[in-house]
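Comments concern the structure below.
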2 protein chains.
Amino acid sequence: MNIRHLTFRLLQVYVTVVRCGSVSAAARQLHLTQPTVSQQLKRLSEAVGSPLLEQHAQGLTLTATGQALYQASRDVLGRFDDFADQLSDLQHGRKGRFSIVLVNTAQYVLPRLLGPFSQAFPDVDVTVHIGNRRQVLARFDRHEDDLYVFSHPPALAHAVAARFMRNPLVAIAAGDHPLAQQPAISLEQLLTERLLLREPGSATRMLLDSWLQEQGVSMQKTLQMASNEAIRVGVAARMGVAVLSEHVLPKEHPELAVLPVEGLPIESHWQFIVRSDQRLPQSAQRFLHYVHEHLGHWIEPRFVCNELDSLLAAYPAFPLRS
Amino acid sequence: MNIRHLTFRLLQVYVTVVRCGSVSAAARQLHLTQPTVSQQLKRLSEAVGSPLLEQHAQGLTLTATGQALYQASRDVLGRFDDFADQLSDLQHGRKGRFSIVLVNTAQYVLPRLLGPFSQAFPDVDVTVHIGNRRQVLARFDRHEDDLYVFSHPPALAHAVAARFMRNPLVAIAAGDHPLAQQPAISLEQLLTERLLLREPGSATRMLLDSWLQEQGVSMQKTLQMASNEAIRVGVAARMGVAVLSEHVLPKEHPELAVLPVEGLPIESHWQFIVRSDQRLPQSAQRFLHYVHEHLGHWIEPRFVCNELDSLLAAYPAFPLRS
DNA sequence: GGTTTACATAGATAATTATCTATACTGTTC
DNA sequence: GAACAGTATAGATAATTATCTATGTAAACC
């Protein structure tokens with residue numbers, strides 16, 4: 001048997017002929033002429049190397065080979081129908097996988113988007129990595145993920161970005177800290193306190209550094225901790241004050257106070273970054289669309305900054321509704 | 001997905017590429033050039049409607065679609081490998097079915113050939129029909145079977161015949177019948193006895209009729225019975241004498257005697273008939289070859305008359321050994 | 001015995017496929 | 001940054017396929 005020139009189409013025609021029990025009937029059903037079907041059968045028979053059909057008084061009869069081929073054809077076509085179903089799910093992003101990397105601060109927020117998405121699309125597997133800004137950039141360079149979330153625009157080649165949420169940095173102190181009582185605080189006043197800092201390489205630190213530099217001042221007493229959580233707890237324990245993403249604070253935080261420092265909060269934004277030189281899986285596209293549509297439902301309005309349109313415009317063929 | 005222009009070859013190439021993890025390696029293995037394989041992949045990808053592969057630092061990676069296609073391809077190709085195995089059995093006649101029709105007398109002999117054949121080829125299903133000459137001819141006219149066994153050459157269109165066994169007709173009487181004692185018996189003497197006859201339409205009757213006509217004599221006392229068995233028992237019970245195929249007699253037959261009538265035995269032969277206007281199933285071809293080779297092992301030499309060569313010459317491509 | 005029905009064959013043509021060579025692009029690796 | 005390895009693209013060509021119309025053939029039906 002020569003498998004090389006065997007097409008699925010040929011098997012479809014064959015199955016139709018067997019089901020119809022007649023060449024002419026099959027031709028009508030397939031919108032072909034009868035000689036065309038006859039010839040296809042001939043080719044198929046040659047490919048297989050044995051006769052498949054015999055003509056008897058009561059119509060066509062299958063040879064043993066013909067029966068075996070009929071079963072094989074049905075199995076094979078059925079298997080490809082299944083594949084087509086899978087494909088449809090995959091192509092609509094209802095199924096699949098993608099990976100996303102977050103800078104540390106974003107980990108307080110993204111679960112509020114990923115959670116509903118996973119419920120809506122249970123067959124999409126999402127892998128989430130978390131690191132500080134430097135680590136996320138390294139992963140970007142190595143093409144390790146599909147979606148990246150930064151809190152400050154990086155200048156990267158092959159990157160397309162779109163902001164979606166505000167990420168204000170505020171100054172905090174213990175709830176009963178003397179500064180917490182004041183109606184307004186100058187930057188200099190703040191810097192007399194010990195400042196609890198994230199490590200260099202983190203976005204929060206970078207933003208703070210560059211903001212202070214703009215203001216022409218420099219830090220005095222500092223203490224460095226590589227975790228937003230640790231800093232928050234440290235501030236509550238009166239180790240000092242800090243400038244942190246507002247999202248790091250719990251909803252209710254009696255033991256912490258946001259300080260009305262002049263010039264604060266520092267405005268920054270989280271944004272999705274995709275690599276333009278790498279295919280974005282359908283499921284990740286589906287996620288971006290989902291975020292675009294539902295952001296307002298899951299996030300407090302004052303944080304929403306939905307600028308995803310420009311990014312999504314790159315995937316125009318994507319079916320908007322599942 | 002457009003299934004129409006999907007070939008098995010394309011899937012083979014794809015599977016090879018995935019297994020090799022590289023287009024070039026697959027090309028070498030398939031004895032093709034690298035651009036050829038690249039282009040096949042492109043076509044496949046277009047047929048499916050989604051990217052299948054991605055190029056990363058560590059070689060090619062499958063997309064989710066690519067993985068699904070890989071599995072589907074393996075399943076499908078595996079299914080066709082199974083089919084090819086079946087096909088091989090069918091094409092070598094190791095498996096399949098055929099039907100054969102025997103005239104009555106042959107039913108005493110053909111089981112001795114069909115039995116060993118069925119043991120040697122357990123996956124071949126044989127259907128045996130039995131009738132008298134007229135009934136067998138009617139089946140032949142209606143194309144009802146694959147193989148026909150007659151005991152007298154019919155003049156048929158689209159028939160090819162080959163003799164394989166002698167079928168002598170002998171006169172018998174009860175073991176203690178007066179004629180049984182005589183060293184030689186004339187035809188006239190025989191005809192004074194009551195003759196137990198098969199029905200018109202049977203070959204035995206036809207042969208006897210025409211032989212008697214040649215001899216210029218006619219029957220006097222007769223009794224007609226539509227079964228060789230009934231006649232044999234009737235002769236033993238002294239109802240009369242008969243002319244029957246020698247094969248109808250049991251190996252040991254003390255209650256019956258073969259009479260040395262002049263001019264007897266009437267020589268006739270069994271022969272296989274195949275229709276030249278109808279495909280002979282491989283399994284039936286295999287059976288004829290089997291008979292040709294083993295006839296001498298299963299049948300007493302004096303009955304063997306192996307003239308199947310001419311018939312088998314029509315199937316030259318048939319592999320002689322299983 | 002003519003008519004119908006169903007299948008096969010022949011011949012033609014446009015589209016598609018299989019395959020090549022030559023060349024361009026893109027990361028790795030010295 | 002030059003060389004290299006692996007892919008992709010372009011252009012060419014022979015083979016194959018898909019499909020038609022027209023015609024032949026054989027059995028079945030009045």
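In the structure tokens, the first chain shown is A, the next is B, and so on; residue numbers restart at 1 for each chain, and ligands run from 1 in the order shown.
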
Q.
Please identify all residues of chain C having at least one atom at most 9 Å from any atom of chain B, considering only C-alpha atoms (C1' of nucleotides), and return them as number ranges by chain.
A. C: 16, 18-20, 27

Next, dump the selected residues to file, keeping only N, CA and C atoms (P, O5', C5', C4', C3', O3' and C1' of nucleotides), as a CSV table (one decimal), in the first residue's frame.
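This is the output file part19.csv:
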chain,number,residue,atom,x,y,z
C,16,DT,P,-5.5,25.9,-6.3
C,16,DT,O5',-4.6,24.6,-6.0
C,16,DT,C5',-5.2,23.3,-6.1
C,16,DT,C4',-4.2,22.3,-5.8
C,16,DT,C3',-3.2,22.7,-4.7
C,16,DT,O3',-3.2,21.6,-3.7
C,16,DT,C1',-2.0,21.9,-6.6
C,18,DA,P,2.4,17.1,-1.7
C,18,DA,O5',3.7,17.0,-2.5
C,18,DA,C5',3.8,15.9,-3.5
C,18,DA,C4',5.2,15.8,-4.0
C,18,DA,C3',6.3,15.9,-3.0
C,18,DA,O3',7.3,15.0,-3.4
C,18,DA,C1',6.5,17.7,-4.6
C,19,DT,P,8.4,14.6,-2.4
C,19,DT,O5',9.6,15.5,-2.8
C,19,DT,C5',10.1,15.3,-4.1
C,19,DT,C4',10.8,16.6,-4.6
C,19,DT,C3',11.8,17.2,-3.7
C,19,DT,O3',13.1,16.5,-3.7
C,19,DT,C1',10.8,18.8,-5.1
C,20,DC,P,14.3,17.1,-2.9
C,20,DC,O5',15.0,18.2,-3.9
C,20,DC,C5',15.3,17.7,-5.2
C,20,DC,C4',15.7,18.9,-6.1
C,20,DC,C3',16.7,19.8,-5.6
C,20,DC,O3',18.0,19.5,-6.2
C,20,DC,C1',14.8,21.1,-6.4
C,27,DG,P,16.8,36.7,15.8
C,27,DG,O5',17.1,35.7,17.0
C,27,DG,C5',18.4,35.6,17.6
C,27,DG,C4',19.0,34.3,17.4
C,27,DG,C3',20.1,34.0,18.4
C,27,DG,O3',19.9,32.8,19.2
C,27,DG,C1',20.8,33.6,16.2

Q. So which residues of region 167-274 of chain B fall under strand (DSSP E or B) by DSSP, listed as an MDAnalysis selection string?
A. chainID B and resid 169:174 185 195:197 200 202 222:224 241:245 256:259 261 266 269:274

**Q.** Selection near DG11 (chain D), 12 Å with only C-alpha atoms (C1' of nucleotides), sequence-local residues under 5 positions removed, as a VMD selection string
**A.** chain C and resid 20 to 23

(Q) Would you mind listing, as an MDAnalysis selection string, all residues of chain B that have at least one atom within 8 Å of chain D, where only C-alpha atoms (C1' of nucleotides) are what counts? (A) chainID B and resid 23:24 35 38

Using only C-alpha atoms, which chain B residues lie at most 10 Å away from chain A, written as a PDB file with N, CA and C atoms, in the first residue's frame?
ATOM      1  N   MET B   1     -10.196  24.501   9.917  1.00  0.00           N
ATOM      2  CA  MET B   1      -9.177  23.602   9.352  1.00  0.00           C
ATOM      3  C   MET B   1      -9.697  23.015   8.038  1.00  0.00           C
ATOM      4  N   ASN B   2      -8.863  23.036   7.070  1.00  0.00           N
ATOM      5  CA  ASN B   2      -9.238  22.484   5.776  1.00  0.00           C
ATOM      6  C   ASN B   2      -8.602  21.113   5.603  1.00  0.00           C
ATOM      7  N   ILE B   3      -9.454  20.110   5.688  1.00  0.00           N
ATOM      8  CA  ILE B   3      -8.969  18.732   5.692  1.00  0.00           C
ATOM      9  C   ILE B   3      -8.712  18.239   4.271  1.00  0.00           C
ATOM     10  N   ARG B   4      -9.200  18.985   3.301  1.00  0.00           N
ATOM     11  CA  ARG B   4      -9.237  18.437   1.945  1.00  0.00           C
ATOM     12  C   ARG B   4      -7.871  18.131   1.378  1.00  0.00           C
ATOM     13  N   HIS B   5      -6.942  19.025   1.601  1.00  0.00           N
ATOM     14  CA  HIS B   5      -5.642  18.790   0.983  1.00  0.00           C
ATOM     15  C   HIS B   5      -4.614  18.265   1.970  1.00  0.00           C
ATOM     16  N   LEU B   6      -5.122  17.538   2.937  1.00  0.00           N
ATOM     17  CA  LEU B   6      -4.235  16.965   3.933  1.00  0.00           C
ATOM     18  C   LEU B   6      -3.851  15.561   3.482  1.00  0.00           C
ATOM     19  N   THR B   7      -2.571  15.315   3.342  1.00  0.00           N
ATOM     20  CA  THR B   7      -2.142  13.967   2.972  1.00  0.00           C
ATOM     21  C   THR B   7      -1.491  13.274   4.160  1.00  0.00           C
ATOM     22  N   PHE B   8      -1.480  11.972   4.084  1.00  0.00           N
ATOM     23  CA  PHE B   8      -0.799  11.208   5.120  1.00  0.00           C
ATOM     24  C   PHE B   8       0.690  11.499   5.070  1.00  0.00           C
ATOM     25  N   ARG B   9       1.171  11.721   3.877  1.00  0.00           N
ATOM     26  CA  ARG B   9       2.580  12.037   3.730  1.00  0.00           C
ATOM     27  C   ARG B   9       2.942  13.264   4.558  1.00  0.00           C
ATOM     28  N   LEU B  10       2.065  14.260   4.504  1.00  0.00           N
ATOM     29  CA  LEU B  10       2.315  15.493   5.224  1.00  0.00           C
ATOM     30  C   LEU B  10       2.418  15.202   6.723  1.00  0.00           C
ATOM     31  N   LEU B  11       1.561  14.345   7.200  1.00  0.00           N
ATOM     32  CA  LEU B  11       1.595  13.997   8.621  1.00  0.00           C
ATOM     33  C   LEU B  11       2.869  13.234   8.943  1.00  0.00           C
ATOM     34  N   GLN B  12       3.274  12.369   8.034  1.00  0.00           N
ATOM     35  CA  GLN B  12       4.522  11.631   8.252  1.00  0.00           C
ATOM     36  C   GLN B  12       5.688  12.591   8.400  1.00  0.00           C
ATOM     37  N   VAL B  48      -4.030  23.570   8.701  1.00  0.00           N
ATOM     38  CA  VAL B  48      -4.580  23.518  10.055  1.00  0.00           C
ATOM     39  C   VAL B  48      -5.118  24.884  10.462  1.00  0.00           C
ATOM     40  N   GLY B  49      -4.443  25.932  10.001  1.00  0.00           N
ATOM     41  CA  GLY B  49      -4.921  27.274  10.300  1.00  0.00           C
ATOM     42  C   GLY B  49      -4.294  27.923  11.513  1.00  0.00           C
ATOM     43  N   SER B  50      -3.297  27.278  12.084  1.00  0.00           N
ATOM     44  CA  SER B  50      -2.591  27.848  13.237  1.00  0.00           C
ATOM     45  C   SER B  50      -1.121  27.487  13.140  1.00  0.00           C
ATOM     46  N   PRO B  51      -0.269  28.281  13.780  1.00  0.00           N
ATOM     47  CA  PRO B  51       1.143  27.891  13.864  1.00  0.00           C
ATOM     48  C   PRO B  51       1.272  26.597  14.661  1.00  0.00           C
ATOM     49  N   GLU B  54       7.409  26.690  17.020  1.00  0.00           N
ATOM     50  CA  GLU B  54       8.046  27.970  17.277  1.00  0.00           C
ATOM     51  C   GLU B  54       9.541  27.719  17.407  1.00  0.00           C
ATOM     52  N   GLN B  55      10.283  28.694  16.965  1.00  0.00           N
ATOM     53  CA  GLN B  55      11.725  28.540  17.073  1.00  0.00           C
ATOM     54  C   GLN B  55      12.219  29.208  18.349  1.00  0.00           C
ATOM     55  N   HIS B  56      12.843  28.454  19.193  1.00  0.00           N
ATOM     56  CA  HIS B  56      13.427  29.020  20.389  1.00  0.00           C
ATOM     57  C   HIS B  56      14.908  28.702  20.396  1.00  0.00           C
ATOM     58  N   ALA B  57      15.557  29.236  21.426  1.00  0.00           N
ATOM     59  CA  ALA B  57      17.000  29.019  21.538  1.00  0.00           C
ATOM     60  C   ALA B  57      17.324  27.523  21.456  1.00  0.00           C
ATOM     61  N   THR B  63       3.671  24.388  19.645  1.00  0.00           N
ATOM     62  CA  THR B  63       2.561  25.140  20.236  1.00  0.00           C
ATOM     63  C   THR B  63       1.554  24.118  20.751  1.00  0.00           C
ATOM     64  N   ALA B  64       0.577  24.608  21.476  1.00  0.00           N
ATOM     65  CA  ALA B  64      -0.471  23.701  21.957  1.00  0.00           C
ATOM     66  C   ALA B  64      -1.125  23.004  20.774  1.00  0.00           C
ATOM     67  N   THR B  65      -1.404  23.766  19.720  1.00  0.00           N
ATOM     68  CA  THR B  65      -1.979  23.178  18.506  1.00  0.00           C
ATOM     69  C   THR B  65      -1.052  22.116  17.938  1.00  0.00           C
ATOM     70  N   GLY B  66       0.238  22.449  17.913  1.00  0.00           N
ATOM     71  CA  GLY B  66       1.214  21.504  17.390  1.00  0.00           C
ATOM     72  C   GLY B  66       1.205  20.203  18.164  1.00  0.00           C
ATOM     73  N   ALA B  68      -1.310  18.949  19.877  1.00  0.00           N
ATOM     74  CA  ALA B  68      -2.552  18.227  19.573  1.00  0.00           C
ATOM     75  C   ALA B  68      -2.443  17.552  18.212  1.00  0.00           C
ATOM     76  N   LEU B  69      -1.854  18.271  17.243  1.00  0.00           N
ATOM     77  CA  LEU B  69      -1.723  17.688  15.911  1.00  0.00           C
ATOM     78  C   LEU B  69      -0.773  16.495  15.932  1.00  0.00           C
ATOM     79  N   GLN B  71      -0.232  14.411  18.345  1.00  0.00           N
ATOM     80  CA  GLN B  71      -0.934  13.237  18.863  1.00  0.00           C
ATOM     81  C   GLN B  71      -1.912  12.687  17.834  1.00  0.00           C
ATOM     82  N   ALA B  72      -2.674  13.586  17.236  1.00  0.00           N
ATOM     83  CA  ALA B  72      -3.640  13.133  16.234  1.00  0.00           C
ATOM     84  C   ALA B  72      -2.919  12.402  15.106  1.00  0.00           C
ATOM     85  N   SER B  73      -1.784  12.962  14.670  1.00  0.00           N
ATOM     86  CA  SER B  73      -1.048  12.350  13.566  1.00  0.00           C
ATOM     87  C   SER B  73      -0.564  10.963  13.950  1.00  0.00           C
ATOM     88  N   ASP B  75      -1.811   8.959  16.154  1.00  0.00           N
ATOM     89  CA  ASP B  75      -2.957   8.050  16.201  1.00  0.00           C
ATOM     90  C   ASP B  75      -3.354   7.603  14.804  1.00  0.00           C
ATOM     91  N   VAL B  76      -3.442   8.575  13.926  1.00  0.00           N
ATOM     92  CA  VAL B  76      -3.939   8.290  12.584  1.00  0.00           C
ATOM     93  C   VAL B  76      -2.963   7.398  11.823  1.00  0.00           C
ATOM     94  N   LEU B  77      -1.697   7.726  11.904  1.00  0.00           N
ATOM     95  CA  LEU B  77      -0.715   6.910  11.188  1.00  0.00           C
ATOM     96  C   LEU B  77      -0.660   5.508  11.781  1.00  0.00           C
ATOM     97  N   GLY B  78      -0.790   5.438  13.092  1.00  0.00           N
ATOM     98  CA  GLY B  78      -0.807   4.125  13.736  1.00  0.00           C
ATOM     99  C   GLY B  78      -1.992   3.311  13.254  1.00  0.00           C
ATOM    100  N   ARG B  79      -3.124   3.968  13.153  1.00  0.00           N
ATOM    101  CA  ARG B  79      -4.317   3.258  12.687  1.00  0.00           C
ATOM    102  C   ARG B  79      -4.112   2.725  11.283  1.00  0.00           C
ATOM    103  N   PHE B  80      -3.414   3.499  10.476  1.00  0.00           N
ATOM    104  CA  PHE B  80      -3.200   3.022   9.109  1.00  0.00           C
ATOM    105  C   PHE B  80      -2.122   1.956   9.033  1.00  0.00           C
ATOM    106  N   ASP B  81      -1.207   1.972   9.972  1.00  0.00           N
ATOM    107  CA  ASP B  81      -0.265   0.852  10.028  1.00  0.00           C
ATOM    108  C   ASP B  81      -1.009  -0.439  10.315  1.00  0.00           C
ATOM    109  N   ASP B  82      -1.959  -0.346  11.263  1.00  0.00           N
ATOM    110  CA  ASP B  82      -2.771  -1.525  11.555  1.00  0.00           C
ATOM    111  C   ASP B  82      -3.487  -1.993  10.296  1.00  0.00           C
ATOM    112  N   PHE B  83      -4.044  -1.038   9.607  1.00  0.00           N
ATOM    113  CA  PHE B  83      -4.762  -1.382   8.382  1.00  0.00           C
ATOM    114  C   PHE B  83      -3.829  -2.074   7.393  1.00  0.00           C
ATOM    115  N   ALA B  84      -2.604  -1.550   7.288  1.00  0.00           N
ATOM    116  CA  ALA B  84      -1.647  -2.165   6.361  1.00  0.00           C
ATOM    117  C   ALA B  84      -1.371  -3.612   6.759  1.00  0.00           C
ATOM    118  N   GLN B  86      -3.473  -5.659   8.357  1.00  0.00           N
ATOM    119  CA  GLN B  86      -4.662  -6.399   7.921  1.00  0.00           C
ATOM    120  C   GLN B  86      -4.588  -6.676   6.427  1.00  0.00           C
ATOM    121  N   LEU B  87      -4.230  -5.593   5.710  1.00  0.00           N
ATOM    122  CA  LEU B  87      -4.190  -5.666   4.261  1.00  0.00           C
ATOM    123  C   LEU B  87      -3.233  -6.763   3.815  1.00  0.00           C
ATOM    124  N   SER B  88      -2.101  -6.811   4.462  1.00  0.00           N
ATOM    125  CA  SER B  88      -1.111  -7.821   4.088  1.00  0.00           C
ATOM    126  C   SER B  88      -1.696  -9.220   4.262  1.00  0.00           C
ATOM    127  N   ASP B  89      -2.371  -9.436   5.389  1.00  0.00           N
ATOM    128  CA  ASP B  89      -3.001 -10.740   5.591  1.00  0.00           C
ATOM    129  C   ASP B  89      -4.031 -11.015   4.508  1.00  0.00           C
ATOM    130  N   LEU B  90      -4.844  -9.995   4.218  1.00  0.00           N
ATOM    131  CA  LEU B  90      -5.887 -10.198   3.229  1.00  0.00           C
ATOM    132  C   LEU B  90      -5.304 -10.477   1.857  1.00  0.00           C
ATOM    133  N   GLN B  91      -4.242  -9.689   1.533  1.00  0.00           N
ATOM    134  CA  GLN B  91      -3.697  -9.829   0.187  1.00  0.00           C
ATOM    135  C   GLN B  91      -2.952 -11.134   0.007  1.00  0.00           C
ATOM    136  N   LYS B  95      -6.230 -14.369   5.372  1.00  0.00           N
ATOM    137  CA  LYS B  95      -7.398 -13.940   6.097  1.00  0.00           C
ATOM    138  C   LYS B  95      -8.451 -13.576   5.061  1.00  0.00           C
ATOM    139  N   GLY B  96      -9.687 -13.730   5.395  1.00  0.00           N
ATOM    140  CA  GLY B  96     -10.719 -13.378   4.449  1.00  0.00           C
ATOM    141  C   GLY B  96     -11.808 -14.430   4.444  1.00  0.00           C
ATOM    142  N   ARG B  97     -12.564 -14.450   3.362  1.00  0.00           N
ATOM    143  CA  ARG B  97     -13.655 -15.410   3.283  1.00  0.00           C
ATOM    144  C   ARG B  97     -13.882 -15.751   1.825  1.00  0.00           C
ATOM    145  N   PHE B  98     -14.367 -16.941   1.596  1.00  0.00           N
ATOM    146  CA  PHE B  98     -14.854 -17.241   0.259  1.00  0.00           C
ATOM    147  C   PHE B  98     -15.933 -18.302   0.406  1.00  0.00           C
ATOM    148  N   ARG B 142     -26.230 -17.177 -11.115  1.00  0.00           N
ATOM    149  CA  ARG B 142     -26.531 -15.987 -10.326  1.00  0.00           C
ATOM    150  C   ARG B 142     -25.304 -15.396  -9.642  1.00  0.00           C
ATOM    151  N   HIS B 143     -24.124 -15.869 -10.032  1.00  0.00           N
ATOM    152  CA  HIS B 143     -22.882 -15.337  -9.438  1.00  0.00           C
ATOM    153  C   HIS B 143     -22.872 -15.447  -7.926  1.00  0.00           C
ATOM    154  N   GLU B 144     -23.466 -16.488  -7.379  1.00  0.00           N
ATOM    155  CA  GLU B 144     -23.621 -16.483  -5.933  1.00  0.00           C
ATOM    156  C   GLU B 144     -22.370 -16.879  -5.170  1.00  0.00           C
ATOM    157  N   GLN B 278     -15.428 -12.574 -12.684  1.00  0.00           N
ATOM    158  CA  GLN B 278     -15.633 -12.201 -11.287  1.00  0.00           C
ATOM    159  C   GLN B 278     -14.314 -12.406 -10.558  1.00  0.00           C
ATOM    160  N   ARG B 279     -14.013 -11.441  -9.696  1.00  0.00           N
ATOM    161  CA  ARG B 279     -12.753 -11.522  -8.971  1.00  0.00           C
ATOM    162  C   ARG B 279     -12.771 -12.717  -8.022  1.00  0.00           C
ATOM    163  N   PRO B 281     -11.531 -14.140  -4.657  1.00  0.00           N
ATOM    164  CA  PRO B 281     -10.886 -13.610  -3.447  1.00  0.00           C
ATOM    165  C   PRO B 281      -9.514 -14.257  -3.232  1.00  0.00           C
ATOM    166  N   GLN B 282      -8.644 -13.460  -2.652  1.00  0.00           N
ATOM    167  CA  GLN B 282      -7.295 -13.955  -2.386  1.00  0.00           C
ATOM    168  C   GLN B 282      -7.332 -15.243  -1.578  1.00  0.00           C
TER     169      GLN B 282
END

**Q.** Residues near Asn167 (chain B), cut-off 9 Å, only C-alpha atoms (C1' of nucleotides), skip fewer than 5 positions along chain, as a PyMOL selection string
**A.** chain B and resi 105-106+151+245-247+266-270+303

Q) In Å to one decimal, how far is CA of Ile231 (chain A) from CA of Arg198 (chain A)? A) 7.9 Å

Q: Go through region 50-129 of chain B and collect every residue that DSSP, computed from the backbone, puts in helix (DSSP H, G or I); the answer should be as an MDAnalysis selection string.
A: chainID B and resid 64:91 104:108 111:120

Q | Straight-line distance linking CA of Gln215 (chain A) with CA of Leu187 (chain A), stated in Å to one decimal | A | 8.9 Å
